[in-house]
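my_file-v1.pdb, holding PDB, C-alpha atoms:
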```
ATOM      1  CA  MET A   1       7.236   1.049 -16.484
ATOM      2  CA  GLU A   2      10.159   0.581 -14.121
ATOM      3  CA  PHE A   3      10.518  -2.711 -12.213
ATOM      4  CA  ARG A   4      12.270  -3.181  -8.888
ATOM      5  CA  ARG A   5      13.186  -6.069  -6.629
ATOM      6  CA  LEU A   6      11.028  -6.376  -3.538
ATOM      7  CA  GLY A   7      13.561  -6.157  -0.730
ATOM      8  CA  ARG A   8      16.341  -8.708  -1.114
ATOM      9  CA  SER A   9      13.997 -11.255  -2.697
ATOM     10  CA  GLY A  10      14.034 -12.455  -6.283
ATOM     11  CA  LEU A  11      10.578 -10.989  -6.921
ATOM     12  CA  PHE A  12      10.261  -7.956  -9.188
ATOM     13  CA  VAL A  13       7.305  -5.571  -8.803
ATOM     14  CA  SER A  14       6.229  -2.609 -10.889
ATOM     15  CA  ALA A  15       7.427   0.699  -9.409
ATOM     16  CA  ILE A  16       3.821   1.883  -9.556
ATOM     17  CA  SER A  17       1.399  -0.719  -8.238
ATOM     18  CA  TYR A  18      -2.380  -0.618  -8.295
ATOM     19  CA  GLY A  19      -4.153  -0.675  -4.946
ATOM     20  CA  HIS A  20      -7.623  -2.122  -5.360
ATOM     21  CA  TRP A  21      -9.971  -1.392  -2.490
ATOM     22  CA  LEU A  22     -13.234  -0.070  -4.023
ATOM     23  CA  ALA A  23     -12.889   3.236  -2.221
ATOM     24  CA  TYR A  24     -15.843   4.727  -4.048
ATOM     25  CA  ASP A  25     -19.538   3.942  -3.725
ATOM     26  CA  ALA A  26     -21.531   4.063  -6.943
ATOM     27  CA  PRO A  27     -24.003   1.811  -8.797
ATOM     28  CA  ASP A  28     -21.432   1.279 -11.550
ATOM     29  CA  GLN A  29     -18.476   0.749  -9.241
ATOM     30  CA  GLU A  30     -17.478  -2.607 -10.723
ATOM     31  CA  GLU A  31     -17.543  -1.181 -14.229
ATOM     32  CA  ARG A  32     -15.391   1.734 -13.099
ATOM     33  CA  ALA A  33     -13.045  -0.600 -11.238
ATOM     34  CA  ARG A  34     -12.609  -2.753 -14.325
ATOM     35  CA  ALA A  35     -11.812   0.351 -16.384
ATOM     36  CA  CYS A  36      -9.131   1.373 -13.887
ATOM     37  CA  VAL A  37      -7.599  -2.116 -13.814
ATOM     38  CA  THR A  38      -7.538  -2.158 -17.621
ATOM     39  CA  ALA A  39      -5.838   1.240 -17.640
ATOM     40  CA  ALA A  40      -3.270  -0.066 -15.140
ATOM     41  CA  LEU A  41      -2.504  -3.098 -17.300
ATOM     42  CA  ASP A  42      -2.258  -0.956 -20.428
ATOM     43  CA  ALA A  43       0.197   1.344 -18.624
ATOM     44  CA  GLY A  44       2.490  -1.560 -17.732
ATOM     45  CA  ILE A  45       1.477  -2.056 -14.109
ATOM     46  CA  THR A  46       1.868  -5.714 -13.178
ATOM     47  CA  THR A  47       1.519  -5.506  -9.376
ATOM     48  CA  PHE A  48      -1.982  -5.479  -7.889
ATOM     49  CA  ILE A  49      -2.525  -5.120  -4.151
ATOM     50  CA  THR A  50      -5.753  -5.603  -2.222
ATOM     51  CA  ALA A  51      -7.066  -7.103   1.046
ATOM     52  CA  ASP A  52      -9.856  -9.438   2.046
ATOM     53  CA  ALA A  53     -11.428  -6.770   4.268
ATOM     54  CA  TYR A  54     -11.746  -4.163   1.516
ATOM     55  CA  ALA A  55     -15.438  -3.683   0.738
ATOM     56  CA  ASN A  56     -16.057  -6.738   2.957
ATOM     57  CA  THR A  57     -14.313  -9.127   0.512
ATOM     58  CA  ALA A  58     -15.956  -7.616  -2.615
ATOM     59  CA  ALA A  59     -12.725  -5.893  -3.695
ATOM     60  CA  GLU A  60     -10.983  -9.229  -4.142
ATOM     61  CA  SER A  61     -13.875 -10.620  -6.177
ATOM     62  CA  VAL A  62     -14.001  -7.603  -8.465
ATOM     63  CA  LEU A  63     -10.225  -7.647  -8.973
ATOM     64  CA  GLY A  64     -10.317 -11.352  -9.752
ATOM     65  CA  ARG A  65     -12.934 -10.808 -12.435
ATOM     66  CA  ALA A  66     -11.072  -7.790 -13.847
ATOM     67  CA  LEU A  67      -7.849  -9.793 -14.203
ATOM     68  CA  LYS A  68      -9.500 -12.869 -15.671
ATOM     69  CA  GLY A  69      -7.885 -13.864 -18.945
ATOM     70  CA  GLN A  70      -4.558 -12.197 -18.165
ATOM     71  CA  ARG A  71      -1.414 -14.325 -18.175
ATOM     72  CA  ARG A  72      -1.077 -15.175 -14.482
ATOM     73  CA  GLU A  73       2.716 -15.492 -14.612
ATOM     74  CA  SER A  74       2.956 -11.875 -15.792
ATOM     75  CA  LEU A  75       1.204 -10.507 -12.687
ATOM     76  CA  GLU A  76       2.101 -10.068  -9.035
ATOM     77  CA  ILE A  77      -1.044 -10.353  -6.915
ATOM     78  CA  SER A  78      -0.956  -9.483  -3.237
ATOM     79  CA  THR A  79      -3.668  -9.524  -0.616
ATOM     80  CA  LYS A  80      -3.808  -9.164   3.152
ATOM     81  CA  VAL A  81      -5.340 -10.838   6.199
ATOM     82  CA  PHE A  82      -6.241  -9.581   9.677
ATOM     83  CA  TRP A  83      -9.413  -7.492   9.762
ATOM     84  CA  PRO A  84     -12.829  -9.132  10.279
ATOM     85  CA  THR A  85     -14.537 -10.899   7.404
ATOM     86  CA  GLY A  86     -17.671 -13.021   7.395
ATOM     87  CA  PRO A  87     -20.350 -12.818  10.106
ATOM     88  CA  ALA A  88     -17.910 -11.499  12.747
ATOM     89  CA  GLY A  89     -17.501 -14.745  14.636
ATOM     90  CA  PRO A  90     -14.641 -15.104  17.126
ATOM     91  CA  ASN A  91     -12.349 -16.654  14.496
ATOM     92  CA  ASP A  92     -13.287 -14.293  11.664
ATOM     93  CA  LYS A  93     -10.440 -11.894  12.429
ATOM     94  CA  GLY A  94      -6.836 -11.689  13.572
ATOM     95  CA  LEU A  95      -3.737 -13.738  12.840
ATOM     96  CA  GLY A  96      -4.623 -17.041  14.446
ATOM     97  CA  ARG A  97      -3.928 -20.162  12.396
ATOM     98  CA  LYS A  98      -7.591 -20.913  11.711
ATOM     99  CA  HIS A  99      -8.351 -17.448  10.377
ATOM    100  CA  ILE A 100      -5.180 -17.254   8.279
ATOM    101  CA  MET A 101      -5.657 -20.641   6.621
ATOM    102  CA  GLU A 102      -9.363 -20.151   5.943
ATOM    103  CA  SER A 103      -8.850 -16.573   4.750
ATOM    104  CA  ALA A 104      -6.098 -17.604   2.346
ATOM    105  CA  ARG A 105      -8.333 -20.222   0.721
ATOM    106  CA  ALA A 106     -11.193 -17.735   0.448
ATOM    107  CA  SER A 107      -8.936 -15.047  -1.048
ATOM    108  CA  LEU A 108      -7.603 -17.471  -3.648
ATOM    109  CA  ARG A 109     -11.151 -18.373  -4.630
ATOM    110  CA  ARG A 110     -12.295 -14.748  -4.905
ATOM    111  CA  LEU A 111      -9.196 -13.687  -6.848
ATOM    112  CA  GLY A 112      -9.499 -16.625  -9.235
ATOM    113  CA  THR A 113      -5.949 -17.838  -8.738
ATOM    114  CA  ASP A 114      -4.269 -20.860  -7.162
ATOM    115  CA  TYR A 115      -1.445 -18.881  -5.546
ATOM    116  CA  LEU A 116      -0.651 -15.440  -4.135
ATOM    117  CA  ASP A 117       2.635 -13.764  -4.964
ATOM    118  CA  VAL A 118       2.670 -11.938  -1.621
ATOM    119  CA  TYR A 119       0.408 -12.598   1.380
ATOM    120  CA  GLN A 120       0.628  -9.877   4.007
ATOM    121  CA  ALA A 121      -0.437  -9.574   7.646
ATOM    122  CA  HIS A 122      -2.596  -6.452   7.562
ATOM    123  CA  ARG A 123      -1.751  -5.488  11.152
ATOM    124  CA  PHE A 124       0.098  -7.050  14.090
ATOM    125  CA  ASP A 125      -2.013  -9.272  16.360
ATOM    126  CA  ARG A 126      -1.052  -8.942  20.018
ATOM    127  CA  THR A 127      -3.559 -11.627  21.025
ATOM    128  CA  VAL A 128      -1.865 -14.466  19.120
ATOM    129  CA  PRO A 129       1.667 -15.838  19.581
ATOM    130  CA  LEU A 130       3.848 -14.638  16.741
ATOM    131  CA  GLU A 131       5.117 -18.205  16.361
ATOM    132  CA  GLU A 132       1.588 -19.393  15.509
ATOM    133  CA  THR A 133       1.163 -16.690  12.886
ATOM    134  CA  MET A 134       4.505 -17.309  11.218
ATOM    135  CA  LEU A 135       4.028 -21.095  11.214
ATOM    136  CA  ALA A 136       0.681 -20.673   9.446
ATOM    137  CA  PHE A 137       2.371 -18.505   6.822
ATOM    138  CA  ALA A 138       5.161 -21.077   6.515
ATOM    139  CA  ASP A 139       2.659 -23.844   5.876
ATOM    140  CA  LEU A 140       0.932 -21.803   3.161
ATOM    141  CA  VAL A 141       4.317 -21.345   1.504
ATOM    142  CA  ARG A 142       5.090 -25.068   1.756
ATOM    143  CA  GLN A 143       1.695 -25.887   0.241
ATOM    144  CA  GLY A 144       2.393 -23.625  -2.738
ATOM    145  CA  HIS A 145      -0.522 -21.279  -2.057
ATOM    146  CA  VAL A 146       1.786 -18.356  -1.187
ATOM    147  CA  LEU A 147       5.163 -17.470  -2.709
ATOM    148  CA  TYR A 148       6.250 -14.652  -0.395
ATOM    149  CA  VAL A 149       5.073 -13.224   2.917
ATOM    150  CA  GLY A 150       4.847  -9.634   4.121
ATOM    151  CA  VAL A 151       3.476  -7.371   6.817
ATOM    152  CA  SER A 152       1.626  -4.066   6.883
ATOM    153  CA  GLU A 153       1.960  -1.270   9.429
ATOM    154  CA  TRP A 154       4.134  -3.253  11.848
ATOM    155  CA  THR A 155       6.621  -1.551  14.145
ATOM    156  CA  ALA A 156      10.369  -2.018  13.807
ATOM    157  CA  GLU A 157      10.433  -4.316  16.838
ATOM    158  CA  GLN A 158       7.614  -6.465  15.436
ATOM    159  CA  ILE A 159       9.327  -6.690  12.062
ATOM    160  CA  THR A 160      12.621  -7.711  13.643
ATOM    161  CA  SER A 161      10.957 -10.436  15.724
ATOM    162  CA  SER A 162       9.010 -11.805  12.758
ATOM    163  CA  ALA A 163      12.137 -11.812  10.587
ATOM    164  CA  ALA A 164      13.982 -13.946  13.142
ATOM    165  CA  LEU A 165      11.170 -16.506  13.079
ATOM    166  CA  ALA A 166      10.966 -16.321   9.297
ATOM    167  CA  ARG A 167      14.630 -17.297   9.028
ATOM    168  CA  GLU A 168      14.115 -20.167  11.431
ATOM    169  CA  LEU A 169      11.094 -21.417   9.478
ATOM    170  CA  HIS A 170      12.659 -20.662   6.061
ATOM    171  CA  VAL A 171       9.827 -18.276   5.161
ATOM    172  CA  PRO A 172      10.527 -15.602   2.510
ATOM    173  CA  LEU A 173       9.483 -12.463   4.465
ATOM    174  CA  VAL A 174       9.966  -9.717   1.878
ATOM    175  CA  SER A 175       7.644  -6.731   2.276
ATOM    176  CA  ASN A 176       6.258  -4.046   4.540
ATOM    177  CA  GLU A 177       3.207  -2.194   3.274
ATOM    178  CA  ALA A 178       3.258   1.160   5.052
ATOM    179  CA  GLN A 179       1.756   4.604   4.734
ATOM    180  CA  TYR A 180       4.488   6.819   3.332
ATOM    181  CA  SER A 181       4.492  10.206   1.667
ATOM    182  CA  ALA A 182       6.354  13.502   1.756
ATOM    183  CA  LEU A 183       3.933  14.524   4.530
ATOM    184  CA  TRP A 184       3.874  11.235   6.475
ATOM    185  CA  ARG A 185       7.375   9.914   7.203
ATOM    186  CA  VAL A 186       6.863   8.016  10.442
ATOM    187  CA  ILE A 187       8.582   4.875   9.101
ATOM    188  CA  GLU A 188      11.885   6.590   8.342
ATOM    189  CA  ALA A 189      13.464   6.610  11.801
ATOM    190  CA  GLU A 190      12.940   2.985  12.828
ATOM    191  CA  VAL A 191      10.897   0.882  10.394
ATOM    192  CA  VAL A 192      12.920   1.529   7.241
ATOM    193  CA  PRO A 193      16.272   0.730   8.905
ATOM    194  CA  ALA A 194      14.788  -2.466  10.402
ATOM    195  CA  CYS A 195      13.462  -3.501   7.004
ATOM    196  CA  GLU A 196      16.793  -2.821   5.337
ATOM    197  CA  ARG A 197      18.559  -5.001   7.917
ATOM    198  CA  GLU A 198      16.045  -7.827   7.434
ATOM    199  CA  GLY A 199      15.721  -7.579   3.656
ATOM    200  CA  LEU A 200      12.145  -6.236   3.386
ATOM    201  CA  GLY A 201      11.110  -3.736   0.718
ATOM    202  CA  GLN A 202       8.585  -0.958   1.245
ATOM    203  CA  LEU A 203       5.229  -0.977  -0.547
ATOM    204  CA  ALA A 204       4.164   2.623   0.050
ATOM    205  CA  TRP A 205       0.443   3.251   0.398
ATOM    206  CA  SER A 206      -1.096   6.725   0.264
ATOM    207  CA  PRO A 207       1.967   8.228  -1.470
ATOM    208  CA  VAL A 208      -0.089  11.324  -2.323
ATOM    209  CA  ALA A 209      -1.393  11.656   1.267
ATOM    210  CA  GLN A 210      -4.976  10.687   0.462
ATOM    211  CA  GLY A 211      -4.949  13.133  -2.456
ATOM    212  CA  VAL A 212      -3.761  16.178  -0.505
ATOM    213  CA  LEU A 213      -0.405  16.198  -2.312
ATOM    214  CA  THR A 214      -2.193  16.494  -5.666
ATOM    215  CA  GLY A 215      -3.076  20.055  -4.662
ATOM    216  CA  LYS A 216      -6.805  19.669  -5.169
ATOM    217  CA  TYR A 217      -7.518  20.763  -1.591
ATOM    218  CA  ARG A 218      -6.919  24.510  -1.420
ATOM    219  CA  PRO A 219      -6.309  26.555   1.735
ATOM    220  CA  GLY A 220      -9.286  28.620   2.773
ATOM    221  CA  GLN A 221     -11.637  26.682   0.482
ATOM    222  CA  PRO A 222     -14.065  23.818   1.170
ATOM    223  CA  ALA A 223     -13.124  20.364  -0.051
ATOM    224  CA  PRO A 224     -14.365  19.659  -3.608
ATOM    225  CA  ALA A 225     -17.791  18.041  -3.713
ATOM    226  CA  GLY A 226     -17.584  14.268  -3.917
ATOM    227  CA  SER A 227     -13.956  14.168  -2.793
ATOM    228  CA  ARG A 228     -12.645  12.084   0.078
ATOM    229  CA  GLY A 229     -12.050  15.264   2.053
ATOM    230  CA  ALA A 230     -15.730  16.165   1.810
ATOM    231  CA  ASP A 231     -16.772  12.958   3.573
ATOM    232  CA  LEU A 232     -14.739  12.217   6.679
ATOM    233  CA  SER A 233     -16.604   9.014   7.551
ATOM    234  CA  GLY A 234     -15.163   5.560   6.889
ATOM    235  CA  SER A 235     -12.071   5.603   4.690
ATOM    236  CA  GLY A 236     -12.279   9.377   4.501
ATOM    237  CA  SER A 237     -11.051   9.565   8.085
ATOM    238  CA  PHE A 238      -7.500   8.820   6.860
ATOM    239  CA  ILE A 239      -7.336  12.253   5.255
ATOM    240  CA  GLN A 240      -8.089  14.283   8.376
ATOM    241  CA  PRO A 241      -4.465  14.769   9.549
ATOM    242  CA  PHE A 242      -3.634  16.363   6.187
ATOM    243  CA  LEU A 243      -6.526  18.838   5.903
ATOM    244  CA  ARG A 244      -5.141  21.393   8.357
ATOM    245  CA  GLU A 245      -4.794  24.877   6.934
ATOM    246  CA  ASP A 246      -1.044  25.023   7.561
ATOM    247  CA  VAL A 247      -0.565  21.748   5.668
ATOM    248  CA  LEU A 248      -2.612  22.939   2.682
ATOM    249  CA  VAL A 249      -0.651  26.195   2.530
ATOM    250  CA  ARG A 250       2.647  24.308   2.497
ATOM    251  CA  VAL A 251       1.464  21.886  -0.199
ATOM    252  CA  GLN A 252       0.704  24.808  -2.514
ATOM    253  CA  ARG A 253       4.368  25.819  -2.210
ATOM    254  CA  LEU A 254       5.190  22.629  -4.093
ATOM    255  CA  ARG A 255       3.311  23.764  -7.192
ATOM    256  CA  PRO A 256       6.145  25.824  -8.762
ATOM    257  CA  LEU A 257       8.589  23.000  -7.981
ATOM    258  CA  ALA A 258       6.394  20.528  -9.852
ATOM    259  CA  GLU A 259       6.053  22.907 -12.791
ATOM    260  CA  GLU A 260       9.819  23.345 -12.890
ATOM    261  CA  ALA A 261      10.213  19.565 -13.113
ATOM    262  CA  GLY A 262       7.497  19.266 -15.767
ATOM    263  CA  LEU A 263       5.290  17.217 -13.454
ATOM    264  CA  SER A 264       1.875  17.453 -11.889
ATOM    265  CA  LEU A 265       1.811  17.766  -8.108
ATOM    266  CA  GLY A 266       0.691  14.148  -7.827
ATOM    267  CA  GLN A 267       3.522  12.951 -10.058
ATOM    268  CA  LEU A 268       6.003  14.945  -7.979
ATOM    269  CA  ALA A 269       4.723  13.266  -4.800
ATOM    270  CA  LEU A 270       5.028   9.808  -6.345
ATOM    271  CA  ALA A 271       8.504  10.500  -7.695
ATOM    272  CA  TRP A 272       9.565  11.684  -4.224
ATOM    273  CA  VAL A 273       8.404   8.422  -2.616
ATOM    274  CA  LEU A 274      10.049   6.297  -5.295
ATOM    275  CA  GLN A 275      13.411   7.925  -4.548
ATOM    276  CA  ARG A 276      13.324   7.151  -0.845
ATOM    277  CA  PRO A 277      15.551   4.342   0.486
ATOM    278  CA  GLY A 278      14.037   0.878   0.458
ATOM    279  CA  VAL A 279      10.906   1.736  -1.513
ATOM    280  CA  ALA A 280      10.065  -0.946  -4.077
ATOM    281  CA  SER A 281       6.700   0.357  -5.230
ATOM    282  CA  ALA A 282       4.276   3.228  -4.705
ATOM    283  CA  ILE A 283       0.659   2.064  -4.484
ATOM    284  CA  ILE A 284      -1.844   4.212  -6.342
ATOM    285  CA  GLY A 285      -5.620   4.115  -6.133
ATOM    286  CA  ALA A 286      -8.014   5.502  -8.690
ATOM    287  CA  SER A 287     -11.674   6.023  -9.406
ATOM    288  CA  ARG A 288     -11.061   7.021 -13.039
ATOM    289  CA  PRO A 289      -8.717   5.551 -15.683
ATOM    290  CA  GLU A 290      -7.194   8.953 -16.432
ATOM    291  CA  GLN A 291      -5.890   9.094 -12.862
ATOM    292  CA  VAL A 292      -4.001   5.851 -13.473
ATOM    293  CA  ARG A 293      -2.558   7.122 -16.735
ATOM    294  CA  GLU A 294      -1.339  10.330 -15.083
ATOM    295  CA  ASN A 295       0.200   8.597 -12.068
ATOM    296  CA  VAL A 296       2.249   6.050 -14.018
ATOM    297  CA  GLU A 297       4.190   8.911 -15.615
ATOM    298  CA  ALA A 298       6.061   9.212 -12.305
ATOM    299  CA  ALA A 299       7.774   5.851 -12.855
ATOM    300  CA  GLY A 300      11.411   6.338 -13.767
ATOM    301  CA  VAL A 301      11.430  10.077 -12.952
ATOM    302  CA  ARG A 302      14.557  11.203 -11.099
ATOM    303  CA  LEU A 303      14.452  14.318  -8.935
ATOM    304  CA  ASP A 304      17.849  15.906  -8.345
ATOM    305  CA  ALA A 305      19.190  16.459  -4.845
ATOM    306  CA  ASP A 306      18.510  20.197  -4.976
ATOM    307  CA  LEU A 307      14.839  19.657  -5.810
ATOM    308  CA  MET A 308      14.470  17.010  -3.116
ATOM    309  CA  GLY A 309      15.903  19.515  -0.645
ATOM    310  CA  ARG A 310      13.525  22.259  -1.753
ATOM    311  CA  ILE A 311      10.570  19.891  -1.309
ATOM    312  CA  ASP A 312      11.682  19.384   2.285
ATOM    313  CA  GLN A 313      11.988  23.144   2.770
ATOM    314  CA  ALA A 314       8.524  23.769   1.333
ATOM    315  CA  LEU A 315       6.938  21.271   3.715
ATOM    316  CA  ASP A 316       9.049  22.155   6.750
ATOM    317  CA  GLY A 317       6.943  22.304   9.900
ATOM    318  CA  VAL A 318       4.055  20.106   8.748
ATOM    319  CA  VAL A 319       5.798  16.765   8.117
ATOM    320  CA  GLU A 320       4.886  13.990  10.587
ATOM    321  CA  THR A 321       7.896  11.909  11.640
ATOM    322  CA  ASP A 322       6.937  10.387  15.016
ATOM    323  CA  PRO A 323       7.675   6.617  14.791
ATOM    324  CA  ALA A 324       5.138   5.990  17.557
ATOM    325  CA  LEU A 325       2.415   6.719  14.993
ATOM    326  CA  THR A 326       3.134   3.518  13.071
ATOM    327  CA  THR A 327      -0.281   1.874  13.041
ATOM    328  CA  SER A 328      -0.652  -1.165  15.275
ATOM    329  CA  PRO A 329      -3.668  -2.081  17.442
TER
END
```
Mind turning the file's structure into C-alpha cells?
Amino acid sequence: MEFRRLGRSGLFVSAISYGHWLAYDAPDQEERARACVTAALDAGITTFITADAYANTAAESVLGRALKGQRRESLEISTKVFWPTGPAGPNDKGLGRKHIMESARASLRRLGTDYLDVYQAHRFDRTVPLEETMLAFADLVRQGHVLYVGVSEWTAEQITSSAALARELHVPLVSNEAQYSALWRVIEAEVVPACEREGLGQLAWSPVAQGVLTGKYRPGQPAPAGSRGADLSGSGSFIQPFLREDVLVRVQRLRPLAEEAGLSLGQLALAWVLQRPGVASAIIGASRPEQVRENVEAAGVRLDADLMGRIDQALDGVVETDPALTTSP
C-alpha cells in the first residue's frame, strides 16, 4: 500500500481508503461488511471513511464493531456531519453548534473510539454562520475529540472562506472529500486550485463513477440484475448521469488501454484519479471482499503521460467539467 500526506498536514492516509456506507441491503449485510473491512485491513488499507447519515447511523456502528480489536493508532478514521440523524427534529441536521457537538459525541460512541482523525462537514450549511461552524470544530479539536477537520462537496469560495477562519482559530483544516473520476472532473477548474492554495488534500469519492468505469455497464444492454444501475432509487440515483449511451460507448474504448497497462478497467480508473494533482486518497466501496482485493492493486501504479492522454481522448465529449455542479444545497 502507498501512503500519502493529506494536504499539507502531518497526517498520512492510505492511497486507497475504504468508504463504509452500507450501500447494499441484505439480511447478512453486517457479515458482508465485516468481510470487506477485514479484506481492506489485510490489503494494507488504514484509512476508513464513513458518515453519521449513512444507513441512518448504522454504518458507523457496523464499522466500529468491524474495527474492534485493531490497534487504534494504526488507523485513520473519518466521519462526517450535516445530514439529518435521529427523529428529524429542528436541531438534528446542519452545521449549527448543537448538532455538531452532539453528533460528534454520538459518532465517537458508535465507532467505539475516543477521537476522530478527520471530522468533515458533509455539505455547506447556508443557514448557519460559518463562524459558528468553525468555532464548534475548533472546540472539538481543543477537547481532543478531533485531530483534523475537513469538508465535503464545498465550492472553492466556501473552502477559501473556511480556510481563513481556520487559520484564525488555529484549526487544522486538511481535506476536501469530493466526487472525482475520469468522467466527473468538476472540481478541477476551481476547487482543486483553492485546496492547493489552502493546503487541503482531496479524498476522491466515486473514483470509478459509481461502477460505470469498471465497464460492467455495456452500451445497448440493460444494467446487470442487482447492480446499482438497475435500481435508480436512493443511492442509485448518483449513477444516472453516467448511464447515457454515449458515455457507455466511450468507456468501452478504455478497455484496450487497460489491457495494455495490465490493469482491469476499475484499476485503470483508480490509477488515473491517484495521479491527479492534490489527490491524497481514492475512496473505494465494496459489497464483496474480492472487489477490495482487486481495487487495492491500483495503489502505486503509474500511468505514463501518453496513456493519460489517450484516456482523455477516449472519453472526449462525455467528461463533465462544469464547476457549478459542485454539490452544495
Grab the atom CA of Ala106 of chain A to atom CA of Thr327 of chain A distance for me, in Å with one decimal place.
25.7 Å
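In this comparison, which uses all atoms listed in the file, the residue of A:Leu248, A:Leu183, A:Cys195, A:Ser161 approaching Pro222 of chain A most closely is A:Leu248.
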For segment 286-300 of chain A: contacts at 8 Å, all atoms listed in the file, fewer than 5 positions along chain excluded, given as a ChimeraX atom specification:
/A:1-2,15-16,23-24,32-33,35-37,39-40,43,266-268,270-271,274
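Of note, atom CA of Val247 of chain A and atom CA of Ile283 of chain A are spaced 22.2 Å apart.
The closest residue to Arg253 of chain A, picked from A:His145, A:Arg276, A:His20, A:Arg218 and counting all atoms listed in the file, is A:Arg218.
Near Val319 of chain A, within 10 Å and counting only C-alpha atoms, sit Ser181, Ala182, Leu183, Trp184, Arg185, Val186, Phe242, Val247, Arg250, Asp312 and Leu315 of chain A; same-chain residues fewer than 4 positions away were not included.
Across the model, the gap from atom CA of Ala88 of chain A to atom CA of Tyr119 of chain A is 21.6 Å.
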When you count only C-alpha atoms, which of these residues is closest to Gly220 of chain A: A:Met101, A:Val191, A:Leu243, A:Val208?
A:Leu243
Residue contacts of Glu132 of chain A (12 Å, all atoms listed in the file) excluding same-chain residues fewer than 2 positions away, as a PDB file with C-alpha atoms, in the frame of the given file:
```pdb
ATOM      1  CA  GLY A  94      -6.836 -11.689  13.572  1.00  0.00           C
ATOM      2  CA  LEU A  95      -3.737 -13.738  12.840  1.00  0.00           C
ATOM      3  CA  GLY A  96      -4.623 -17.041  14.446  1.00  0.00           C
ATOM      4  CA  ARG A  97      -3.928 -20.162  12.396  1.00  0.00           C
ATOM      5  CA  LYS A  98      -7.591 -20.913  11.711  1.00  0.00           C
ATOM      6  CA  HIS A  99      -8.351 -17.448  10.377  1.00  0.00           C
ATOM      7  CA  ILE A 100      -5.180 -17.254   8.279  1.00  0.00           C
ATOM      8  CA  MET A 101      -5.657 -20.641   6.621  1.00  0.00           C
ATOM      9  CA  ASP A 125      -2.013  -9.272  16.360  1.00  0.00           C
ATOM     10  CA  ARG A 126      -1.052  -8.942  20.018  1.00  0.00           C
ATOM     11  CA  THR A 127      -3.559 -11.627  21.025  1.00  0.00           C
ATOM     12  CA  VAL A 128      -1.865 -14.466  19.120  1.00  0.00           C
ATOM     13  CA  PRO A 129       1.667 -15.838  19.581  1.00  0.00           C
ATOM     14  CA  LEU A 130       3.848 -14.638  16.741  1.00  0.00           C
ATOM     15  CA  MET A 134       4.505 -17.309  11.218  1.00  0.00           C
ATOM     16  CA  LEU A 135       4.028 -21.095  11.214  1.00  0.00           C
ATOM     17  CA  ALA A 136       0.681 -20.673   9.446  1.00  0.00           C
ATOM     18  CA  PHE A 137       2.371 -18.505   6.822  1.00  0.00           C
ATOM     19  CA  ALA A 138       5.161 -21.077   6.515  1.00  0.00           C
ATOM     20  CA  ASP A 139       2.659 -23.844   5.876  1.00  0.00           C
ATOM     21  CA  SER A 162       9.010 -11.805  12.758  1.00  0.00           C
ATOM     22  CA  LEU A 165      11.170 -16.506  13.079  1.00  0.00           C
ATOM     23  CA  ALA A 166      10.966 -16.321   9.297  1.00  0.00           C
ATOM     24  CA  LEU A 169      11.094 -21.417   9.478  1.00  0.00           C
TER      25      LEU A 169
END
```
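For Glu190 of chain A, the list of residues within 9 Å, based on all atoms listed in the file and with local chain neighbours fewer than 2 positions off taken out, reads Thr155, Ala156, Glu157, Val186, Ile187, Glu188, Val192, Pro193, Ala194, Cys195 and Pro323 of chain A.
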Starting from the point (-1.6, 10.2, 7.6), work out which residues of protein, DNA or RNA have an atom no more than 8 Å away when counting only C-alpha atoms; state them as a VMD selection string.
chain A and resid 179 183 to 184 209 to 210 238 to 242
Would you translate the PyMOL selection byres ((chain A and resi 57) around 12) into the concrete set of residues it matches in this file, as a PyMOL selection string?
chain A and resi 20-22+50-56+58-64+79-81+83-87+103-104+106-111
Can you spell out as a count of residues only the set of residues that the PyMOL selection byres ((chain A and resi 281) around 8) selects in the structure I just provided?
14
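Taken over the shown file, the PyMOL selection byres ((chain A and resi 177) around 7) identifies Val151, Ser152, Glu153, Ser175, Asn176, Ala178, Gln202, Leu203, Ala204 and Trp205 of chain A.
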When you count all atoms listed in the file, which of these residues is closest to Gln158 of chain A: A:Gly89, A:Leu140, A:Val174, A:Arg123?
A:Arg123
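Closest approach to Gln313 of chain A among A:Val301, A:Val251, A:Gln275, A:Ile284 is made by A:Val251 (distances from all atoms listed in the file).
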Please, what is the axis-aligned box for every listed atom of segment 195-200 of chain A with 4 Å on each side, as centre and edge lengths in Å to one decimal, as JSON?
```
{"center_x": 15.4, "center_y": -5.3, "center_z": 5.7, "size_x": 14.4, "size_y": 13.0, "size_z": 12.5}
```
Find the residue from A:Asp42, A:Asp246, A:Asp28, A:Glu198 that sits nearest to Gly278 of chain A; use only C-alpha atoms when measuring.
A:Glu198
